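Chemist: My structure is stored as query.txt, with compact mmCIF, N, CA and C atoms.
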# COMPACT_ATOMS: atom_id res chain seq x y z
N MET H 1 24.15 48.05 5.79
CA MET H 1 23.49 46.95 5.14
C MET H 1 22.64 46.21 6.18
N PRO H 2 21.34 46.00 5.88
CA PRO H 2 20.48 45.35 6.87
C PRO H 2 20.82 43.87 7.02
N THR H 3 20.64 43.38 8.23
CA THR H 3 20.91 41.96 8.47
C THR H 3 19.72 41.14 7.99
N PRO H 4 19.98 39.98 7.39
CA PRO H 4 18.88 39.16 6.91
C PRO H 4 18.06 38.62 8.08
N GLN H 5 16.76 38.67 7.92
CA GLN H 5 15.84 38.17 8.94
C GLN H 5 15.62 36.67 8.72
N PRO H 6 15.49 35.90 9.79
CA PRO H 6 15.19 34.49 9.60
C PRO H 6 13.80 34.32 8.99
N SER H 7 13.69 33.32 8.17
CA SER H 7 12.42 33.05 7.50
C SER H 7 11.39 32.59 8.51
N ARG H 8 10.16 33.03 8.32
CA ARG H 8 9.06 32.59 9.18
C ARG H 8 8.22 31.52 8.50
N ALA H 9 8.71 31.01 7.39
CA ALA H 9 8.01 29.94 6.69
C ALA H 9 8.05 28.68 7.54
N PRO H 10 7.00 27.86 7.46
CA PRO H 10 6.96 26.68 8.32
C PRO H 10 8.04 25.64 8.03
N GLY H 11 8.59 25.64 6.85
CA GLY H 11 9.68 24.72 6.52
C GLY H 11 9.26 23.26 6.61
N ARG H 12 10.14 22.41 7.11
CA ARG H 12 9.92 20.97 7.16
C ARG H 12 9.44 20.52 8.55
N LEU H 13 8.99 21.44 9.38
CA LEU H 13 8.56 21.10 10.73
C LEU H 13 7.37 20.15 10.72
N VAL H 14 6.49 20.31 9.75
CA VAL H 14 5.31 19.46 9.68
C VAL H 14 5.70 18.01 9.42
N GLU H 15 6.71 17.79 8.59
CA GLU H 15 7.09 16.43 8.24
C GLU H 15 7.67 15.67 9.42
N ALA H 16 8.19 16.38 10.43
CA ALA H 16 8.74 15.70 11.59
C ALA H 16 7.64 14.96 12.36
N ARG H 17 6.41 15.42 12.26
CA ARG H 17 5.30 14.79 12.98
C ARG H 17 4.59 13.74 12.13
N GLU H 18 4.96 13.62 10.88
CA GLU H 18 4.32 12.63 10.02
C GLU H 18 4.73 11.23 10.42
N GLN H 19 3.78 10.33 10.37
CA GLN H 19 4.05 8.95 10.72
C GLN H 19 3.88 8.07 9.49
N PRO H 20 4.97 7.51 8.99
CA PRO H 20 4.85 6.57 7.88
C PRO H 20 4.11 5.31 8.35
N PHE H 21 3.63 4.56 7.40
CA PHE H 21 2.92 3.33 7.71
C PHE H 21 3.92 2.23 8.08
N HIS H 22 3.47 1.29 8.90
CA HIS H 22 4.33 0.18 9.32
C HIS H 22 4.33 -0.96 8.32
N SER H 23 3.31 -1.00 7.46
CA SER H 23 3.25 -2.07 6.47
C SER H 23 2.52 -1.56 5.23
N VAL H 24 2.72 -2.26 4.14
CA VAL H 24 2.05 -1.90 2.90
C VAL H 24 0.55 -2.14 3.03
N GLU H 25 0.15 -3.15 3.79
CA GLU H 25 -1.28 -3.40 4.00
C GLU H 25 -1.93 -2.25 4.75
N GLU H 26 -1.26 -1.73 5.76
CA GLU H 26 -1.79 -0.59 6.50
C GLU H 26 -1.96 0.62 5.58
N ALA H 27 -0.98 0.85 4.72
CA ALA H 27 -1.07 1.96 3.77
C ALA H 27 -2.22 1.74 2.79
N TRP H 28 -2.42 0.49 2.34
CA TRP H 28 -3.48 0.21 1.39
C TRP H 28 -4.86 0.39 2.03
N PHE H 29 -5.04 -0.11 3.24
CA PHE H 29 -6.34 0.05 3.91
C PHE H 29 -6.65 1.52 4.18
N TRP H 30 -5.63 2.30 4.55
CA TRP H 30 -5.81 3.74 4.74
C TRP H 30 -6.22 4.42 3.43
N THR H 31 -5.55 4.02 2.35
CA THR H 31 -5.86 4.59 1.03
C THR H 31 -7.30 4.26 0.64
N MET H 32 -7.69 3.01 0.80
CA MET H 32 -9.05 2.62 0.42
C MET H 32 -10.10 3.32 1.26
N SER H 33 -9.86 3.47 2.56
CA SER H 33 -10.85 4.16 3.38
C SER H 33 -10.95 5.64 2.99
N ALA H 34 -9.82 6.24 2.61
CA ALA H 34 -9.86 7.63 2.14
C ALA H 34 -10.60 7.74 0.81
N LEU H 35 -10.38 6.79 -0.09
CA LEU H 35 -11.07 6.82 -1.38
C LEU H 35 -12.57 6.60 -1.22
N ILE H 36 -12.95 5.71 -0.30
CA ILE H 36 -14.37 5.47 -0.04
C ILE H 36 -15.00 6.73 0.55
N ALA H 37 -14.29 7.37 1.48
CA ALA H 37 -14.81 8.61 2.07
C ALA H 37 -14.94 9.69 1.01
N ARG H 38 -13.96 9.79 0.12
CA ARG H 38 -14.04 10.77 -0.96
C ARG H 38 -15.23 10.49 -1.87
N HIS H 39 -15.46 9.22 -2.17
CA HIS H 39 -16.60 8.84 -3.02
C HIS H 39 -17.93 9.20 -2.35
N ASP H 40 -17.96 9.09 -1.02
CA ASP H 40 -19.17 9.43 -0.26
C ASP H 40 -19.35 10.92 -0.05
N GLY H 41 -18.40 11.73 -0.52
CA GLY H 41 -18.56 13.17 -0.46
C GLY H 41 -17.64 13.90 0.49
N ALA H 42 -16.78 13.19 1.19
CA ALA H 42 -15.85 13.85 2.11
C ALA H 42 -14.78 14.58 1.32
N ARG H 43 -14.30 15.64 1.88
CA ARG H 43 -13.20 16.39 1.26
C ARG H 43 -11.91 15.97 1.94
N ILE H 44 -10.98 15.50 1.15
CA ILE H 44 -9.69 15.06 1.68
C ILE H 44 -8.80 16.29 1.80
N VAL H 45 -8.39 16.60 3.04
CA VAL H 45 -7.54 17.76 3.30
C VAL H 45 -6.27 17.27 3.96
N SER H 46 -5.13 17.69 3.43
CA SER H 46 -3.85 17.26 3.96
C SER H 46 -3.67 17.73 5.40
N GLY H 47 -3.27 16.81 6.27
CA GLY H 47 -2.97 17.15 7.65
C GLY H 47 -4.18 17.28 8.55
N ALA H 48 -5.38 16.95 8.05
CA ALA H 48 -6.58 17.12 8.86
C ALA H 48 -6.93 15.88 9.67
N GLY H 49 -6.25 14.77 9.44
CA GLY H 49 -6.56 13.53 10.16
C GLY H 49 -5.96 13.52 11.55
N LEU H 50 -6.24 12.47 12.27
CA LEU H 50 -5.70 12.31 13.62
C LEU H 50 -4.19 12.09 13.59
N VAL H 51 -3.71 11.43 12.53
CA VAL H 51 -2.29 11.16 12.36
C VAL H 51 -1.87 11.72 11.01
N ALA H 52 -0.84 12.54 11.00
CA ALA H 52 -0.33 13.09 9.74
C ALA H 52 0.44 11.99 9.00
N ARG H 53 0.15 11.82 7.74
CA ARG H 53 0.81 10.79 6.94
C ARG H 53 1.72 11.46 5.90
N PRO H 54 2.75 10.76 5.45
CA PRO H 54 3.71 11.35 4.51
C PRO H 54 3.24 11.36 3.06
N CYS H 55 1.95 11.13 2.83
CA CYS H 55 1.46 11.05 1.46
C CYS H 55 -0.02 11.37 1.42
N GLU H 56 -0.51 11.43 0.22
CA GLU H 56 -1.95 11.53 -0.04
C GLU H 56 -2.39 10.16 -0.56
N PRO H 57 -3.68 9.85 -0.48
CA PRO H 57 -4.14 8.58 -1.03
C PRO H 57 -3.78 8.41 -2.51
N ASP H 58 -3.78 9.50 -3.25
CA ASP H 58 -3.45 9.43 -4.67
C ASP H 58 -2.00 9.03 -4.92
N ASP H 59 -1.11 9.28 -3.96
CA ASP H 59 0.28 8.86 -4.12
C ASP H 59 0.40 7.34 -4.14
N VAL H 60 -0.37 6.67 -3.29
CA VAL H 60 -0.36 5.22 -3.26
C VAL H 60 -0.96 4.68 -4.57
N ILE H 61 -2.03 5.32 -5.03
CA ILE H 61 -2.67 4.91 -6.28
C ILE H 61 -1.71 5.09 -7.45
N ARG H 62 -0.94 6.18 -7.45
CA ARG H 62 0.04 6.40 -8.52
C ARG H 62 1.09 5.29 -8.54
N CYS H 63 1.53 4.85 -7.37
CA CYS H 63 2.49 3.73 -7.31
C CYS H 63 1.87 2.47 -7.89
N LEU H 64 0.62 2.22 -7.54
CA LEU H 64 -0.08 1.05 -8.07
C LEU H 64 -0.25 1.16 -9.58
N ASP H 65 -0.58 2.35 -10.05
CA ASP H 65 -0.75 2.57 -11.49
C ASP H 65 0.57 2.34 -12.23
N ARG H 66 1.65 2.79 -11.64
CA ARG H 66 2.95 2.59 -12.28
C ARG H 66 3.29 1.10 -12.38
N LEU H 67 3.00 0.35 -11.31
CA LEU H 67 3.23 -1.10 -11.36
C LEU H 67 2.35 -1.75 -12.44
N TYR H 68 1.14 -1.25 -12.59
CA TYR H 68 0.25 -1.79 -13.62
C TYR H 68 0.80 -1.49 -15.01
N ARG H 69 1.28 -0.29 -15.22
CA ARG H 69 1.84 0.08 -16.52
C ARG H 69 3.13 -0.68 -16.83
N GLN H 70 3.85 -1.07 -15.79
CA GLN H 70 5.06 -1.88 -15.97
C GLN H 70 4.73 -3.37 -16.06
N ARG H 71 3.45 -3.69 -15.99
CA ARG H 71 2.96 -5.07 -16.04
C ARG H 71 3.47 -5.93 -14.89
N ARG H 72 3.65 -5.30 -13.73
CA ARG H 72 4.04 -6.04 -12.52
C ARG H 72 2.79 -6.43 -11.72
N ILE H 73 1.71 -5.69 -11.94
CA ILE H 73 0.41 -5.98 -11.32
C ILE H 73 -0.61 -5.95 -12.44
N ASP H 74 -1.52 -6.91 -12.45
CA ASP H 74 -2.54 -6.90 -13.49
C ASP H 74 -3.92 -6.62 -12.89
N LEU H 75 -4.94 -6.66 -13.73
CA LEU H 75 -6.28 -6.29 -13.29
C LEU H 75 -6.82 -7.23 -12.21
N GLN H 76 -6.41 -8.50 -12.24
CA GLN H 76 -6.85 -9.42 -11.19
C GLN H 76 -6.33 -8.99 -9.82
N HIS H 77 -5.06 -8.57 -9.77
CA HIS H 77 -4.50 -8.07 -8.52
C HIS H 77 -5.29 -6.84 -8.04
N ALA H 78 -5.50 -5.90 -8.95
CA ALA H 78 -6.19 -4.66 -8.58
C ALA H 78 -7.62 -4.95 -8.11
N ARG H 79 -8.28 -5.89 -8.74
CA ARG H 79 -9.65 -6.25 -8.34
C ARG H 79 -9.68 -6.81 -6.93
N ILE H 80 -8.75 -7.72 -6.63
CA ILE H 80 -8.68 -8.31 -5.29
C ILE H 80 -8.30 -7.23 -4.27
N MET H 81 -7.39 -6.35 -4.63
CA MET H 81 -7.01 -5.27 -3.71
C MET H 81 -8.20 -4.36 -3.43
N ARG H 82 -9.01 -4.08 -4.43
CA ARG H 82 -10.18 -3.23 -4.22
C ARG H 82 -11.21 -3.92 -3.33
N ILE H 83 -11.52 -5.16 -3.66
CA ILE H 83 -12.55 -5.89 -2.90
C ILE H 83 -12.17 -6.00 -1.42
N TRP H 84 -10.96 -6.48 -1.16
CA TRP H 84 -10.56 -6.67 0.23
C TRP H 84 -10.21 -5.35 0.90
N GLY H 85 -9.78 -4.36 0.13
CA GLY H 85 -9.54 -3.04 0.71
C GLY H 85 -10.82 -2.39 1.17
N GLU H 86 -11.90 -2.59 0.42
CA GLU H 86 -13.21 -2.06 0.83
C GLU H 86 -13.70 -2.77 2.09
N ARG H 87 -13.36 -4.05 2.23
CA ARG H 87 -13.76 -4.80 3.44
C ARG H 87 -12.92 -4.41 4.64
N GLY H 88 -11.73 -3.88 4.39
CA GLY H 88 -10.86 -3.47 5.47
C GLY H 88 -10.10 -4.60 6.14
N GLU H 89 -9.97 -5.70 5.44
CA GLU H 89 -9.22 -6.84 5.96
C GLU H 89 -8.59 -7.61 4.80
N ALA H 90 -7.55 -8.35 5.12
CA ALA H 90 -6.88 -9.17 4.10
C ALA H 90 -7.57 -10.52 4.01
N PRO H 91 -7.50 -11.17 2.86
CA PRO H 91 -8.05 -12.52 2.76
C PRO H 91 -7.32 -13.48 3.70
N ASP H 92 -8.03 -14.49 4.14
CA ASP H 92 -7.47 -15.48 5.07
C ASP H 92 -7.04 -16.71 4.27
N PRO H 93 -5.73 -17.01 4.25
CA PRO H 93 -5.27 -18.16 3.46
C PRO H 93 -5.73 -19.50 3.98
N THR H 94 -6.21 -19.55 5.22
CA THR H 94 -6.66 -20.83 5.78
C THR H 94 -8.09 -21.18 5.35
N ARG H 95 -8.81 -20.23 4.82
CA ARG H 95 -10.16 -20.50 4.33
C ARG H 95 -10.06 -20.87 2.85
N PRO H 96 -10.59 -22.01 2.48
CA PRO H 96 -10.46 -22.47 1.09
C PRO H 96 -11.02 -21.48 0.06
N ARG H 97 -12.11 -20.79 0.38
CA ARG H 97 -12.71 -19.86 -0.59
C ARG H 97 -11.87 -18.60 -0.77
N GLU H 98 -10.98 -18.31 0.18
CA GLU H 98 -10.17 -17.09 0.12
C GLU H 98 -8.71 -17.36 -0.26
N ALA H 99 -8.35 -18.61 -0.43
CA ALA H 99 -6.95 -18.96 -0.70
C ALA H 99 -6.44 -18.35 -2.00
N GLY H 100 -7.25 -18.40 -3.06
CA GLY H 100 -6.85 -17.80 -4.34
C GLY H 100 -6.73 -16.29 -4.24
N ASP H 101 -7.68 -15.67 -3.52
CA ASP H 101 -7.61 -14.22 -3.32
C ASP H 101 -6.35 -13.86 -2.52
N TRP H 102 -6.04 -14.69 -1.52
CA TRP H 102 -4.86 -14.41 -0.70
C TRP H 102 -3.59 -14.45 -1.54
N ARG H 103 -3.50 -15.40 -2.47
CA ARG H 103 -2.31 -15.50 -3.31
C ARG H 103 -2.12 -14.22 -4.12
N LEU H 104 -3.21 -13.75 -4.76
CA LEU H 104 -3.13 -12.51 -5.54
C LEU H 104 -2.86 -11.31 -4.64
N TRP H 105 -3.51 -11.27 -3.48
CA TRP H 105 -3.31 -10.18 -2.51
C TRP H 105 -1.84 -10.13 -2.08
N ASN H 106 -1.30 -11.28 -1.73
CA ASN H 106 0.08 -11.35 -1.27
C ASN H 106 1.05 -10.91 -2.35
N GLU H 107 0.85 -11.35 -3.58
CA GLU H 107 1.70 -10.91 -4.69
C GLU H 107 1.64 -9.40 -4.86
N ALA H 108 0.43 -8.86 -4.84
CA ALA H 108 0.27 -7.42 -5.04
C ALA H 108 0.91 -6.62 -3.91
N MET H 109 0.74 -7.07 -2.68
CA MET H 109 1.33 -6.36 -1.54
C MET H 109 2.85 -6.39 -1.60
N ARG H 110 3.42 -7.55 -1.97
CA ARG H 110 4.88 -7.64 -2.08
C ARG H 110 5.40 -6.72 -3.18
N ARG H 111 4.68 -6.61 -4.28
CA ARG H 111 5.13 -5.77 -5.39
C ARG H 111 4.93 -4.29 -5.12
N LEU H 112 3.94 -3.95 -4.32
CA LEU H 112 3.68 -2.55 -3.98
C LEU H 112 4.59 -2.07 -2.85
N ASP H 113 5.15 -2.99 -2.08
CA ASP H 113 5.94 -2.63 -0.91
C ASP H 113 7.15 -1.76 -1.26
N TRP H 114 7.95 -2.18 -2.22
CA TRP H 114 9.18 -1.44 -2.53
C TRP H 114 8.93 -0.01 -3.00
N PRO H 115 8.02 0.23 -3.96
CA PRO H 115 7.79 1.62 -4.37
C PRO H 115 7.33 2.52 -3.22
N LEU H 116 6.54 1.99 -2.29
CA LEU H 116 6.10 2.80 -1.15
C LEU H 116 7.25 3.05 -0.18
N ARG H 117 8.16 2.10 -0.05
CA ARG H 117 9.33 2.31 0.81
C ARG H 117 10.26 3.37 0.23
N VAL H 118 10.45 3.34 -1.08
CA VAL H 118 11.33 4.32 -1.73
C VAL H 118 10.81 5.74 -1.50
N LYS H 119 9.50 5.90 -1.49
CA LYS H 119 8.90 7.22 -1.29
C LYS H 119 8.77 7.59 0.19
N GLY H 120 9.12 6.69 1.09
CA GLY H 120 9.03 6.99 2.51
C GLY H 120 7.63 6.84 3.08
N ILE H 121 6.74 6.20 2.34
CA ILE H 121 5.37 6.02 2.79
C ILE H 121 5.30 4.85 3.78
N VAL H 122 6.08 3.81 3.54
CA VAL H 122 6.15 2.64 4.42
C VAL H 122 7.57 2.54 4.95
N THR H 123 7.70 2.42 6.28
CA THR H 123 9.04 2.30 6.87
C THR H 123 9.14 1.18 7.88
N GLY H 124 8.13 0.37 8.01
CA GLY H 124 8.15 -0.72 8.98
C GLY H 124 9.15 -1.78 8.58
N PRO H 125 9.16 -2.88 9.33
CA PRO H 125 10.10 -3.95 9.02
C PRO H 125 9.84 -4.54 7.64
N LEU H 126 10.90 -4.98 7.00
CA LEU H 126 10.77 -5.60 5.69
C LEU H 126 9.97 -6.89 5.81
N PRO H 127 9.13 -7.16 4.82
CA PRO H 127 8.40 -8.42 4.88
C PRO H 127 9.36 -9.59 4.73
N VAL H 128 9.24 -10.53 5.61
CA VAL H 128 10.13 -11.69 5.60
C VAL H 128 9.43 -12.81 4.85
N SER H 129 10.08 -13.26 3.82
CA SER H 129 9.54 -14.39 3.07
C SER H 129 9.87 -15.66 3.81
N LYS H 130 8.90 -16.52 3.89
CA LYS H 130 9.17 -17.80 4.52
C LYS H 130 10.05 -18.61 3.59
N PRO H 131 10.85 -19.51 4.13
CA PRO H 131 11.71 -20.31 3.25
C PRO H 131 10.86 -21.18 2.33
N ALA H 132 11.41 -21.45 1.19
CA ALA H 132 10.70 -22.25 0.19
C ALA H 132 10.51 -23.67 0.68
N ASP H 133 9.40 -24.23 0.35
CA ASP H 133 9.15 -25.63 0.67
C ASP H 133 9.96 -26.50 -0.29
N ILE H 134 10.55 -27.56 0.25
CA ILE H 134 11.30 -28.51 -0.57
C ILE H 134 10.36 -29.68 -0.84
N LEU H 135 10.06 -29.86 -2.09
CA LEU H 135 9.15 -30.93 -2.48
C LEU H 135 9.94 -32.12 -2.98
N GLY H 136 9.50 -33.28 -2.57
CA GLY H 136 10.15 -34.49 -3.05
C GLY H 136 9.86 -34.71 -4.52
N PHE H 137 10.82 -35.19 -5.25
CA PHE H 137 10.64 -35.46 -6.67
C PHE H 137 10.64 -36.96 -6.90
N PRO H 138 9.51 -37.48 -7.32
CA PRO H 138 9.48 -38.93 -7.54
C PRO H 138 10.21 -39.28 -8.83
N GLY H 139 11.49 -39.36 -8.72
CA GLY H 139 12.31 -39.63 -9.89
C GLY H 139 12.32 -41.09 -10.27
N ALA H 140 13.19 -41.43 -11.21
CA ALA H 140 13.26 -42.79 -11.72
C ALA H 140 13.76 -43.77 -10.67
N GLY H 141 14.53 -43.27 -9.69
CA GLY H 141 15.09 -44.16 -8.69
C GLY H 141 14.12 -44.48 -7.57
N ALA H 142 12.97 -43.89 -7.55
CA ALA H 142 12.05 -44.11 -6.43
C ALA H 142 11.16 -45.29 -6.65
Can I see the file as structure tokens?
Modeler:
Amino acid sequence: MPTPQPSRAPGRLVEAREQPFHSVEEAWFWTMSALIARHDGARIVSGAGLVARPCEPDDVIRCLDRLYRQRRIDLQHARIMRIWGERGEAPDPTRPREAGDWRLWNEAMRRLDWPLRVKGIVTGPLPVSKPADILGFPGAGA
């Protein structure tokens, strides 16, 4: 009886070199730049970039689409994500004209974070929410 030969298939060796994103924003900016390049005529080929990633741009879009279908993200969130994703930067909450965009951006990033972590696309530190502000209540005794 012949002895079984070891498989010469590449197996999971490629995934060992894949680098997940450190944040959901990093994953989103990468996705948007890939989508812009695709729109401009580039061919997206898995593993052809400088850094191998654990997903395709469409995987991030599918997570966003699922959140939209679950009504966790609405069209306003998606619009802000597209606009600022094309710019390659997040809105600045200290600028009055960008404060509203930042609120929607922040909500969308927080909601997209968990689905990307479950898929292994984002593995950086968990986003830390700042403690809630305690507002004084001008009650009847004041």
Chemist: Counting all atoms listed in the file, figure out which residue out of H:Ser33, H:Arg17, H:Leu116, H:Gly136 gets nearest to Glu86 of chain H.
Modeler: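 Checking each candidate against Glu86 of chain H, we get H:Ser33 as the closest.
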Chemist: Around all the atoms of segment 86-93 of chain H listed in the file, with 8 Å of room on each side, what axis-aligned box do you get, giving centre and edge lengths in Å to one decimal, as lines of an AutoDock Vina configuration file?
Modeler:
center_x = -9.5
center_y = -10.8
center_z = 3.3
size_x = 24.5
size_y = 33.4
size_z = 21.7
Chemist: Applying 6.5 Å and all atoms listed in the file, which residues near Cys63 of chain H remain after dropping the ones on its own chain fewer than 5 positions away? List them as a PyMOL selection string.
Modeler: chain H and resi 58+68+115
Chemist: Quick one, how far is atom N of Ala108 of chain H from atom N of Gln19 of chain H?
Modeler: 24.7 Å
Chemist: Using DSSP on the backbone coordinates, identify all residues within segment 56-127 of chain H classified as helix (DSSP H, G or I); present the result as a count of residues only.
Modeler: 49
Chemist: Between H:Leu35, H:Trp28, H:Asp113, H:Val122, which one has atoms that come closest to Gly88 of chain H, using all atoms listed in the file?
Modeler: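 Of all the options, H:Trp28 lies closest to Gly88 of chain H.
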